[in-house]
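S.K.: Coordinates in input_12.csv, CSV, C-alpha atoms and all ligand atoms, are listed below.
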chain,number,residue,atom,x,y,z
B,1,MET,CA,2.2,-12.5,28.8
B,2,THR,CA,3.6,-9.4,27.1
B,3,LYS,CA,2.7,-9.2,23.4
B,4,LEU,CA,5.8,-9.3,21.2
B,5,THR,CA,6.2,-7.0,18.3
B,6,ALA,CA,8.7,-7.1,15.5
B,7,ALA,CA,11.1,-4.2,15.7
B,8,ILE,CA,14.0,-3.2,13.5
B,9,THR,CA,17.3,-3.1,15.5
B,10,ALA,CA,20.0,-2.6,12.8
B,11,VAL,CA,20.4,-1.7,9.1
B,12,GLY,CA,23.2,-2.0,6.6
B,13,LYS,CA,23.5,-1.2,2.9
B,14,TYR,CA,25.6,-1.7,-0.3
B,15,LEU,CA,25.6,0.1,-3.6
B,16,PRO,CA,27.8,-0.8,-6.5
B,17,GLU,CA,30.5,1.7,-7.4
B,18,TYR,CA,29.6,2.4,-11.0
B,19,VAL,CA,27.4,5.5,-11.4
B,20,LEU,CA,25.2,5.7,-14.5
B,21,THR,CA,24.3,9.3,-14.8
B,22,ASN,CA,21.6,10.9,-17.0
B,23,LYS,CA,24.4,12.4,-19.0
B,24,ILE,CA,25.8,8.9,-19.8
B,25,LEU,CA,22.2,7.7,-20.7
B,26,GLU,CA,22.0,10.6,-23.2
B,27,THR,CA,24.8,8.9,-25.1
B,28,MET,CA,23.0,5.5,-25.1
B,29,VAL,CA,19.3,6.4,-25.9
B,30,GLU,CA,17.3,9.4,-27.2
B,31,THR,CA,16.7,11.1,-23.9
B,32,ASN,CA,17.9,14.1,-21.9
B,33,ASP,CA,18.8,15.0,-18.3
B,34,GLU,CA,16.0,17.6,-18.1
B,35,TRP,CA,13.3,15.1,-19.2
B,36,ILE,CA,14.5,12.4,-16.8
B,37,ILE,CA,14.6,14.7,-13.8
B,38,SER,CA,11.3,16.4,-14.5
B,39,ARG,CA,9.4,13.1,-15.2
B,40,THR,CA,11.0,10.9,-12.6
B,41,GLY,CA,13.2,12.8,-10.2
B,42,ILE,CA,16.2,10.6,-11.0
B,43,LYS,CA,19.7,12.0,-11.5
B,44,GLU,CA,21.8,8.8,-11.3
B,45,ARG,CA,21.7,5.2,-10.5
B,46,ARG,CA,24.3,2.5,-9.5
B,47,ILE,CA,25.0,-0.5,-11.7
B,48,LEU,CA,26.8,-3.7,-10.7
B,49,LYS,CA,29.0,-4.2,-13.8
B,50,GLU,CA,31.2,-7.2,-13.1
B,51,ASP,CA,30.3,-10.4,-14.9
B,52,GLY,CA,29.3,-13.3,-12.7
B,53,LYS,CA,28.3,-11.1,-9.8
B,54,GLY,CA,24.6,-11.3,-9.0
B,55,THR,CA,22.1,-10.1,-6.4
B,56,SER,CA,23.8,-12.2,-3.7
B,57,PHE,CA,27.0,-10.2,-4.1
B,58,MET,CA,25.2,-7.0,-3.1
B,59,ALA,CA,23.1,-8.7,-0.4
B,60,ILE,CA,26.2,-10.2,1.3
B,61,LYS,CA,27.9,-6.8,1.3
B,62,ALA,CA,24.8,-5.2,2.8
B,63,CYS,CA,24.7,-7.9,5.6
B,64,GLU,CA,28.4,-7.4,6.2
B,65,ASN,CA,27.8,-3.7,6.7
B,66,LEU,CA,25.0,-4.4,9.1
B,67,ILE,CA,27.0,-7.0,11.1
B,68,GLU,CA,30.0,-4.6,11.4
B,69,LYS,CA,27.8,-1.7,12.6
B,70,SER,CA,25.8,-3.8,15.1
B,71,ASP,CA,28.2,-6.4,16.4
B,72,LEU,CA,25.6,-9.1,15.4
B,73,ASN,CA,26.9,-12.7,15.8
B,74,PRO,CA,25.8,-14.4,12.5
B,75,LYS,CA,25.5,-17.7,14.4
B,76,GLU,CA,22.6,-16.2,16.3
B,77,ILE,CA,20.5,-15.4,13.2
B,78,ASP,CA,17.5,-17.7,13.0
B,79,LEU,CA,16.1,-16.8,9.5
B,80,VAL,CA,17.4,-15.0,6.4
B,81,ILE,CA,14.9,-13.8,3.8
B,82,VAL,CA,16.1,-12.2,0.6
B,83,ALA,CA,13.4,-10.1,-1.0
B,84,THR,CA,14.3,-9.9,-4.7
B,85,ALA,CA,12.9,-9.9,-8.2
B,86,THR,CA,16.3,-10.8,-9.6
B,87,PRO,CA,17.6,-13.9,-7.9
B,88,ASP,CA,21.1,-15.1,-8.8
B,89,MET,CA,19.7,-18.2,-10.5
B,90,GLN,CA,16.5,-20.0,-11.3
B,91,ALA,CA,17.7,-22.6,-8.7
B,92,ALA,CA,18.8,-22.5,-5.9
B,93,SER,CA,17.7,-19.7,-3.7
B,94,THR,CA,19.8,-16.5,-3.3
B,95,ALA,CA,19.0,-16.4,0.4
B,96,ALA,CA,20.6,-19.9,1.0
B,97,PHE,CA,23.8,-18.7,-0.5
B,98,VAL,CA,23.8,-15.3,1.3
B,99,ALA,CA,23.2,-17.1,4.7
B,100,ALA,CA,26.1,-19.4,4.1
B,101,LYS,CA,28.5,-16.6,3.1
B,102,ILE,CA,27.7,-14.4,6.1
B,103,GLY,CA,28.1,-17.3,8.5
B,104,ALA,CA,24.4,-17.7,9.4
B,105,THR,CA,24.9,-21.4,9.9
B,106,ASN,CA,22.0,-21.8,12.4
B,107,ALA,CA,19.4,-20.2,10.2
B,108,PHE,CA,17.1,-21.3,7.5
B,109,ALA,CA,16.7,-19.1,4.5
B,110,PHE,CA,14.4,-18.4,1.5
B,111,ASP,CA,13.7,-15.8,-1.2
B,112,MET,CA,10.5,-13.8,-1.6
B,113,ASP,CA,9.4,-12.1,-4.8
B,114,SER,CA,6.6,-9.7,-5.3
B,115,ALA,CA,8.4,-7.3,-7.6
B,116,CYS,CA,8.6,-3.8,-6.0
B,117,SER,CA,6.5,-4.9,-3.1
B,118,SER,CA,8.8,-7.7,-2.1
B,119,PHE,CA,10.4,-5.9,0.9
B,120,LEU,CA,7.0,-4.6,2.2
B,121,TYR,CA,5.5,-8.1,2.1
B,122,GLY,CA,8.8,-9.3,3.6
B,123,MET,CA,8.2,-7.0,6.6
B,124,SER,CA,4.8,-8.6,7.2
B,125,THR,CA,6.2,-12.1,6.8
B,126,VAL,CA,9.1,-11.4,9.3
B,127,ALA,CA,6.7,-9.9,11.8
B,128,ALA,CA,4.6,-13.1,11.8
B,129,PHE,CA,7.8,-15.2,12.5
B,130,ILE,CA,8.9,-12.9,15.3
B,131,GLU,CA,5.4,-12.6,16.9
B,132,SER,CA,5.2,-16.4,17.0
B,133,GLY,CA,7.9,-16.2,19.7
B,134,LYS,CA,10.0,-18.9,18.0
B,135,TYR,CA,12.4,-16.7,16.1
B,136,LYS,CA,14.6,-14.0,17.8
B,137,LYS,CA,16.8,-12.6,15.1
B,138,VAL,CA,15.6,-12.4,11.5
B,139,LEU,CA,17.5,-10.7,8.6
B,140,LEU,CA,15.4,-9.3,5.8
B,141,ILE,CA,17.4,-8.2,2.8
B,142,GLY,CA,16.0,-6.2,-0.1
B,143,ALA,CA,18.3,-6.6,-3.1
B,144,ASP,CA,18.0,-6.3,-6.8
B,145,LYS,CA,20.3,-6.3,-9.8
B,146,ASN,CA,17.8,-4.7,-12.1
B,147,SER,CA,20.4,-4.1,-14.8
B,148,SER,CA,20.3,-7.8,-15.4
B,149,MET,CA,16.8,-7.4,-16.9
B,150,ILE,CA,17.0,-4.0,-18.6
B,151,ASP,CA,17.3,-3.4,-22.3
B,152,TYR,CA,19.7,-0.5,-22.5
B,153,LYS,CA,18.1,0.4,-25.9
B,154,ASP,CA,14.7,1.0,-24.3
B,155,ARG,CA,14.5,4.6,-23.1
B,156,THR,CA,11.2,4.0,-21.2
B,157,THR,CA,12.8,1.6,-18.8
B,158,CYS,CA,16.6,2.0,-18.7
B,159,ILE,CA,16.4,5.5,-17.2
B,160,ILE,CA,14.4,4.3,-14.2
B,161,PHE,CA,16.0,1.2,-12.7
B,162,GLY,CA,19.2,0.8,-10.7
B,163,ASP,CA,21.0,-1.9,-8.6
B,164,GLY,CA,21.4,-2.0,-4.9
B,165,ALA,CA,20.9,-3.8,-1.6
B,166,ALA,CA,20.1,-3.1,2.1
B,167,ALA,CA,19.7,-5.4,5.0
B,168,VAL,CA,17.5,-5.0,8.1
B,169,LEU,CA,17.6,-7.0,11.4
B,170,PHE,CA,14.3,-7.7,13.1
B,171,GLU,CA,14.1,-8.7,16.8
B,172,PRO,CA,11.2,-9.1,19.3
B,173,ASN,CA,10.2,-6.0,21.2
B,174,SER,CA,8.2,-5.8,24.4
B,175,GLU,CA,7.7,-2.0,24.4
B,176,GLY,CA,5.2,-2.1,21.6
B,177,LEU,CA,7.7,-0.8,19.0
B,178,GLY,CA,8.0,-2.2,15.5
B,179,LEU,CA,5.3,-3.3,13.1
B,180,GLN,CA,1.9,-2.0,14.2
B,181,ASP,CA,-0.5,-2.7,11.4
B,182,GLU,CA,-0.6,-3.5,7.7
B,183,TYR,CA,-2.8,-3.3,4.6
B,184,LEU,CA,-1.5,-5.5,1.8
B,185,ARG,CA,-3.2,-6.4,-1.5
B,186,THR,CA,-2.5,-7.9,-5.0
B,187,ASP,CA,-4.3,-8.0,-8.3
B,188,GLY,CA,-2.8,-10.5,-10.8
B,189,ASN,CA,-4.8,-8.9,-13.7
B,190,GLY,CA,-2.0,-6.2,-13.6
B,191,ARG,CA,0.7,-8.5,-14.7
B,192,GLU,CA,0.2,-7.6,-18.4
B,193,PHE,CA,1.3,-4.1,-17.7
B,194,LEU,CA,4.7,-4.8,-16.0
B,195,LYS,CA,6.6,-8.0,-16.8
B,196,VAL,CA,9.6,-9.9,-18.1
B,197,MET,CA,7.8,-12.3,-20.4
B,198,LYS,CA,10.5,-14.9,-21.2
B,199,GLY,CA,13.1,-16.8,-19.2
B,200,GLY,CA,10.6,-18.2,-16.7
B,201,SER,CA,8.7,-21.5,-16.9
B,202,SER,CA,6.0,-20.3,-19.4
B,203,TYR,CA,8.6,-19.3,-22.0
B,204,PRO,CA,11.9,-20.8,-21.0
B,205,LEU,CA,15.1,-20.1,-22.9
B,206,LYS,CA,15.3,-22.7,-25.7
B,207,LYS,CA,18.4,-24.6,-26.6
B,208,GLY,CA,20.1,-22.7,-29.3
B,209,GLU,CA,18.2,-19.5,-28.7
B,210,GLU,CA,20.4,-16.6,-27.6
B,211,PHE,CA,19.4,-14.6,-24.5
B,212,GLY,CA,19.4,-11.0,-25.5
B,213,ASN,CA,18.0,-11.5,-29.0
B,214,SER,CA,14.5,-11.0,-27.9
B,215,GLU,CA,13.1,-7.9,-26.2
B,216,GLU,CA,10.9,-10.3,-24.2
B,217,TYR,CA,13.8,-11.2,-21.9
B,218,PHE,CA,13.8,-7.7,-20.6
B,219,ILE,CA,11.4,-5.6,-18.5
B,220,LYS,CA,8.5,-4.1,-20.4
B,221,GLN,CA,6.0,-1.8,-18.8
B,222,GLU,CA,3.1,0.2,-19.8
B,223,GLY,CA,4.3,3.2,-17.9
B,224,ARG,CA,1.2,5.3,-17.8
B,225,THR,CA,-1.0,2.5,-16.6
B,226,VAL,CA,1.5,1.5,-13.9
B,227,PHE,CA,1.8,5.1,-12.9
B,228,LYS,CA,-1.9,5.6,-12.5
B,229,ASN,CA,-2.4,2.4,-10.5
B,230,ALA,CA,0.6,3.2,-8.3
B,231,VAL,CA,-0.6,6.7,-7.4
B,232,PHE,CA,-4.2,5.5,-6.6
B,233,ASN,CA,-3.2,2.4,-4.7
B,234,MET,CA,-0.3,3.8,-2.6
B,235,ALA,CA,-2.4,6.8,-1.6
B,236,ASP,CA,-5.5,4.6,-0.9
B,237,SER,CA,-3.4,2.2,1.3
B,238,CYS,CA,-1.9,5.0,3.3
B,239,ALA,CA,-5.3,6.6,3.8
B,240,ARG,CA,-6.7,3.3,5.0
B,241,ILE,CA,-3.9,2.6,7.4
B,242,LEU,CA,-4.1,6.1,8.9
B,243,GLU,CA,-7.9,5.7,9.4
B,244,ALA,CA,-7.7,2.2,10.9
B,245,ASN,CA,-5.1,3.5,13.5
B,246,ASN,CA,-6.7,6.8,14.2
B,247,LEU,CA,-3.7,8.7,12.9
B,248,LYS,CA,-3.7,12.3,11.7
B,249,LYS,CA,-1.1,13.7,9.4
B,250,GLU,CA,0.6,15.5,12.2
B,251,ASP,CA,1.0,12.1,14.1
B,252,ILE,CA,3.3,10.8,11.3
B,253,ASP,CA,7.0,11.4,11.5
B,254,TRP,CA,8.0,9.8,8.2
B,255,LEU,CA,6.6,8.5,5.0
B,256,ALA,CA,8.9,5.8,3.5
B,257,ALA,CA,7.5,5.2,0.1
B,258,HIS,CA,8.8,2.9,-2.7
B,259,GLN,CA,11.1,5.0,-4.9
B,260,ALA,CA,9.8,4.4,-8.4
B,261,ASN,CA,9.1,7.9,-9.5
B,262,LYS,CA,9.3,11.2,-7.6
B,263,ARG,CA,5.9,12.2,-9.0
B,264,ILE,CA,4.2,9.1,-7.5
B,265,ILE,CA,5.9,9.8,-4.1
B,266,ASP,CA,4.7,13.4,-4.2
B,267,ALA,CA,1.2,12.4,-5.1
B,268,THR,CA,1.0,10.0,-2.2
B,269,ALA,CA,2.5,12.6,0.2
B,270,ASN,CA,0.1,15.3,-1.0
B,271,ARG,CA,-2.9,13.0,-0.6
B,272,MET,CA,-1.8,12.5,3.0
B,273,GLU,CA,-1.2,16.3,3.3
B,274,LEU,CA,2.4,15.7,4.6
B,275,GLU,CA,5.1,18.3,4.6
B,276,GLU,CA,8.2,17.7,2.5
B,277,SER,CA,10.3,17.3,5.7
B,278,GLN,CA,8.2,14.2,6.6
B,279,VAL,CA,9.0,12.4,3.3
B,280,MET,CA,12.1,10.2,3.0
B,281,ILE,CA,13.6,10.5,-0.5
B,282,ASN,CA,16.7,9.2,-2.2
B,283,ILE,CA,15.4,8.3,-5.7
B,284,GLU,CA,17.7,11.0,-7.2
B,285,LYS,CA,20.8,8.9,-6.2
B,286,TYR,CA,19.7,5.4,-6.9
B,287,GLY,CA,16.6,5.3,-9.2
B,288,ASN,CA,14.2,2.4,-8.7
B,289,THR,CA,16.1,-0.4,-7.0
B,290,THR,CA,12.9,-2.5,-6.7
B,291,SER,CA,13.2,-4.6,-3.4
B,292,ALA,CA,15.9,-2.4,-2.1
B,293,THR,CA,14.2,1.0,-2.1
B,294,LEU,CA,12.6,0.8,1.4
B,295,PRO,CA,15.6,-0.5,3.3
B,296,LEU,CA,17.9,1.9,1.5
B,297,LEU,CA,15.7,4.7,2.7
B,298,LEU,CA,16.1,3.4,6.3
B,299,ALA,CA,19.9,3.1,5.9
B,300,ASP,CA,20.1,6.7,4.5
B,301,TYR,CA,17.8,8.2,7.1
B,302,GLU,CA,19.0,6.1,10.1
B,303,SER,CA,20.8,8.9,11.8
B,304,GLN,CA,17.7,11.1,11.7
B,305,LEU,CA,15.3,8.4,13.1
B,306,LYS,CA,14.4,8.5,16.8
B,307,LYS,CA,13.0,5.9,19.1
B,308,GLY,CA,9.2,5.9,18.8
B,309,ASP,CA,9.1,7.7,15.4
B,310,LYS,CA,6.0,6.7,13.5
B,311,ILE,CA,6.7,5.6,10.0
B,312,ILE,CA,4.3,4.8,7.2
B,313,PHE,CA,5.8,2.4,4.6
B,314,ALA,CA,4.1,2.2,1.2
B,315,ALA,CA,4.8,0.4,-2.0
B,316,PHE,CA,3.4,-0.5,-5.4
B,317,GLY,CA,4.8,-2.9,-8.0
B,318,GLY,CA,4.4,-5.5,-10.6
B,319,GLY,CA,1.7,-8.1,-10.0
B,320,PHE,CA,0.1,-5.7,-9.4
B,321,SER,CA,1.1,-5.7,-5.7
B,322,TRP,CA,0.8,-2.9,-3.2
B,323,GLY,CA,0.1,-1.8,0.4
B,324,ALA,CA,1.1,0.2,3.5
B,325,ILE,CA,2.6,-0.7,6.9
B,326,TYR,CA,2.4,1.4,10.1
B,327,PHE,CA,5.6,1.0,12.0
B,328,LYS,CA,7.3,2.5,15.2
B,329,TRP,CA,11.1,2.9,15.1
B,330,ALA,CA,12.9,1.3,18.0
B,331,TYR,CA,16.3,3.0,18.5
B,332,ASN,CA,18.3,6.2,18.5
B,333,THR,CA,21.6,6.1,16.5
B,334,LYS,CA,24.6,6.4,18.7
N,1,LIG,O1,8.2,0.2,-9.4
N,1,LIG,C1,7.0,0.1,-9.9
N,1,LIG,C2,7.0,0.0,-11.3
N,1,LIG,N1,7.2,1.2,-12.0
N,1,LIG,C3,6.6,2.4,-11.9
N,1,LIG,O2,6.0,2.7,-10.9
N,1,LIG,C4,6.8,3.4,-13.0
N,1,LIG,C5,5.5,4.1,-13.4
N,1,LIG,N2,5.6,4.9,-14.5
N,1,LIG,C6,6.4,5.9,-14.7
N,1,LIG,O3,7.2,6.3,-13.8
N,1,LIG,C7,6.2,6.8,-15.9
N,1,LIG,O4,5.1,6.4,-16.6
N,1,LIG,C8,7.5,6.8,-16.8
N,1,LIG,C9,8.7,7.5,-16.1
N,1,LIG,C10,7.9,5.4,-17.2
N,1,LIG,C11,7.2,7.6,-18.1
N,1,LIG,O5,6.8,8.9,-17.8
N,1,LIG,P1,5.4,9.5,-18.4
N,1,LIG,O6,5.3,10.8,-18.0
N,1,LIG,O7,4.3,8.5,-18.0
N,1,LIG,O8,5.7,9.4,-19.9
N,1,LIG,P2,4.9,8.8,-21.1
N,1,LIG,O9,5.1,7.3,-21.1
N,1,LIG,O10,3.5,9.3,-21.0
N,1,LIG,O11,5.6,9.4,-22.4
N,1,LIG,C12,5.5,10.8,-22.6
N,1,LIG,C13,6.5,11.1,-23.8
N,1,LIG,C14,6.3,10.2,-25.0
N,1,LIG,O12,6.4,10.9,-26.2
N,1,LIG,P3,5.2,11.4,-27.0
N,1,LIG,O13,4.4,10.1,-27.4
N,1,LIG,O14,4.4,12.3,-26.1
N,1,LIG,O15,5.8,12.1,-28.2
N,1,LIG,C15,7.4,9.2,-24.8
N,1,LIG,O16,7.8,8.6,-26.0
N,1,LIG,O17,7.8,11.0,-23.4
N,1,LIG,C16,8.5,10.1,-24.3
N,1,LIG,N3,9.5,9.5,-23.5
N,1,LIG,C17,10.8,10.0,-23.3
N,1,LIG,N4,11.3,11.1,-23.7
N,1,LIG,C18,12.6,11.3,-23.4
N,1,LIG,C19,9.5,8.3,-22.9
N,1,LIG,N5,10.6,8.0,-22.3
N,1,LIG,C20,11.5,9.0,-22.6
N,1,LIG,C21,12.8,9.3,-22.2
N,1,LIG,N6,13.3,10.5,-22.6
N,1,LIG,N7,13.5,8.5,-21.5
I'd like the structure from this file rewritten - as structure tokens, please.

M.R.:
Amino acid sequence: MTKLTAAITAVGKYLPEYVLTNKILETMVETNDEWIISRTGIKERRILKEDGKGTSFMAIKACENLIEKSDLNPKEIDLVIVATATPDMQAASTAAFVAAKIGATNAFAFDMDSACSSFLYGMSTVAAFIESGKYKKVLLIGADKNSSMIDYKDRTTCIIFGDGAAAVLFEPNSEGLGLQDEYLRTDGNGREFLKVMKGGSSYPLKKGEEFGNSEEYFIKQEGRTVFKNAVFNMADSCARILEANNLKKEDIDWLAAHQANKRIIDATANRMELEESQVMINIEKYGNTTSATLPLLLADYESQLKKGDKIIFAAFGGGFSWGAIYFKWAYNTK
């Protein structure tokens, strides 16, 4: 029997209209355009402003974009996974709502959260479902409304994060394209360095307490510690995956790395000795969109990708969580 691999066959994206530029941030906190660009590579980010619209709003739009581009019949979708660190609600799952709204009435659906590694881990999860032979069309959506957990008085975080979503369709492939190999790790000792302390089950919002009065309802990170761990672990995961698959730098067509900080991406690419032209980059437009960075790269670079292209995906995020995936692209864009 031919071995089935999990290939990507379509992508779609959605970004909110509102553009939060570095210039606007200069009016909100003590910062400046030059500092933000030189320390992070970010020029602007998108923010979902409208009250009552959550992560599902962007996820649904990204799926609709994918469905329109690919002529996918939503009724044929078997499984919908939303990778997100900012679900609409504590209960029920964002994925269930997304599946219902896009008409995926024959699918089951669930959310996955591992902070900025959510989409990378989602790829591994989807591949296992597809390789089982039981599931033929699986939607993996990376979506985050990071603005919902940002304190816009904290200059160390508000300059980094943005909102956005992108959706990817996985299908079985018998030509050996799609997910080839993976190296994924976590270390929960890292959670102290990047977290939203309150609002979960350990420290739930108390009756009478106003959300927004405590900084602990917003993202806090020890930037330098996260930075150092990100650089080391993303580069290390990539080196391991190259070695395990006998790949040299010239064999790689693309590096698709989590877009958290341009300096982290550059350090990873340098360690792999890649040329600039091999590195996907869009952080300047969107900032760090957490679970959406990797699929947004695919959506933005789709027209340049060719069947058989070898891509290394890499991510690092809260948890700590990190890893790398070796992937072969399955189609040429018409
Ligand atoms: O997605 C995964 C999770 N996140 C990450 O991977 C992010 C990892 N960390 C980073 O990207 C970087 O650590 C930051 C972008 C968050 C910060 O950059 P940095 O180069 O590590 O800056 P720093 O924290 O070492 O701060 C350097 C200086 C400090 O001033 P002093 O103490 O040297 O006087 C900060 O107070 O820069 C100051 N600073 C700022 N200045 C202007 C911090 N934020 C700002 C700001 N504008 N927005």

S.K.: Given a cut-off of 9 Å, what residues near ligand LIG 1 (chain N) show up using only C-alpha atoms and all ligand atoms, put as a ChimeraX atom specification?

M.R.: /B:25-26,29-36,38-40,115-117,154-161,194,221-231,258-264,288-290,315-318

S.K.: Determine the nearest neighbour of Ala85 (chain B) from the options B:Lys61, B:Lys145, B:Lys307, B:Lys136, counting only C-alpha atoms.

M.R.: B:Lys145

S.K.: May I have the centre and edge lengths, in Å to one decimal, of an axis-aligned box around the listed atoms of region 247-263 of chain B with 6 Å added to every side, as JSON?

M.R.:
{"center_x": 3.7, "center_y": 9.2, "center_z": 2.3, "size_x": 26.8, "size_y": 24.6, "size_z": 35.6}

S.K.: Quick check, in Å to one decimal: how far apart do CA of Ala244 (chain B) and CA of Met272 (chain B) lie?

M.R.: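 According to the coordinates, CA of Ala244 (chain B) and CA of Met272 (chain B) are separated by 14.3 Å.
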
S.K.: Find the residues around Thr293 (chain B) up to 10 Å (only C-alpha atoms counted), leave out those fewer than 6 positions away in its own chain, and share them as a list in words.

M.R.: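 Skipping anything fewer than 6 positions along the chain leaves Cys116, Ser117, Phe119, Gly142, Ala143, Asp144, Gly162, Asp163, Gly164, Ala165, Ala166, Ala256, Ala257, His258, Gln259, Ala260, Ile281, Asn282, Ile283, Tyr286, Gly287 and Ala315 of chain B.
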
S.K.: Select region 276-287 of chain B in the preceding structure and write N, CA and C atoms to a file as a PDB file, in the first residue's frame.

M.R.:
ATOM      1  N   GLU B 276      19.339  35.410   2.146  1.00  0.00           N
ATOM      2  CA  GLU B 276      18.118  36.172   2.444  1.00  0.00           C
ATOM      3  C   GLU B 276      16.932  35.719   1.584  1.00  0.00           C
ATOM      4  N   SER B 277      17.235  35.365   0.320  1.00  0.00           N
ATOM      5  CA  SER B 277      16.176  34.983  -0.616  1.00  0.00           C
ATOM      6  C   SER B 277      15.502  33.658  -0.237  1.00  0.00           C
ATOM      7  N   GLN B 278      16.099  32.905   0.677  1.00  0.00           N
ATOM      8  CA  GLN B 278      15.502  31.628   1.095  1.00  0.00           C
ATOM      9  C   GLN B 278      14.579  31.806   2.309  1.00  0.00           C
ATOM     10  N   VAL B 279      14.512  33.022   2.842  1.00  0.00           N
ATOM     11  CA  VAL B 279      13.811  33.237   4.108  1.00  0.00           C
ATOM     12  C   VAL B 279      12.505  34.010   3.890  1.00  0.00           C
ATOM     13  N   MET B 280      11.379  33.373   4.240  1.00  0.00           N
ATOM     14  CA  MET B 280      10.085  34.075   4.139  1.00  0.00           C
ATOM     15  C   MET B 280       9.999  35.100   5.262  1.00  0.00           C
ATOM     16  N   ILE B 281       9.494  36.266   4.922  1.00  0.00           N
ATOM     17  CA  ILE B 281       9.398  37.313   5.938  1.00  0.00           C
ATOM     18  C   ILE B 281       8.194  38.217   5.661  1.00  0.00           C
ATOM     19  N   ASN B 282       7.383  38.471   6.688  1.00  0.00           N
ATOM     20  CA  ASN B 282       6.306  39.462   6.551  1.00  0.00           C
ATOM     21  C   ASN B 282       6.053  40.185   7.878  1.00  0.00           C
ATOM     22  N   ILE B 283       6.992  40.030   8.820  1.00  0.00           N
ATOM     23  CA  ILE B 283       6.815  40.619  10.154  1.00  0.00           C
ATOM     24  C   ILE B 283       6.635  42.132  10.091  1.00  0.00           C
ATOM     25  N   GLU B 284       7.222  42.772   9.081  1.00  0.00           N
ATOM     26  CA  GLU B 284       7.125  44.235   9.004  1.00  0.00           C
ATOM     27  C   GLU B 284       5.681  44.698   8.849  1.00  0.00           C
ATOM     28  N   LYS B 285       4.825  43.835   8.242  1.00  0.00           N
ATOM     29  CA  LYS B 285       3.431  44.235   7.972  1.00  0.00           C
ATOM     30  C   LYS B 285       2.456  43.863   9.085  1.00  0.00           C
ATOM     31  N   TYR B 286       2.747  42.752   9.780  1.00  0.00           N
ATOM     32  CA  TYR B 286       1.744  42.216  10.720  1.00  0.00           C
ATOM     33  C   TYR B 286       2.222  42.102  12.162  1.00  0.00           C
ATOM     34  N   GLY B 287       3.529  42.258  12.438  1.00  0.00           N
ATOM     35  CA  GLY B 287       4.041  41.990  13.779  1.00  0.00           C
ATOM     36  C   GLY B 287       3.913  40.514  14.110  1.00  0.00           C
TER      37      GLY B 287
END
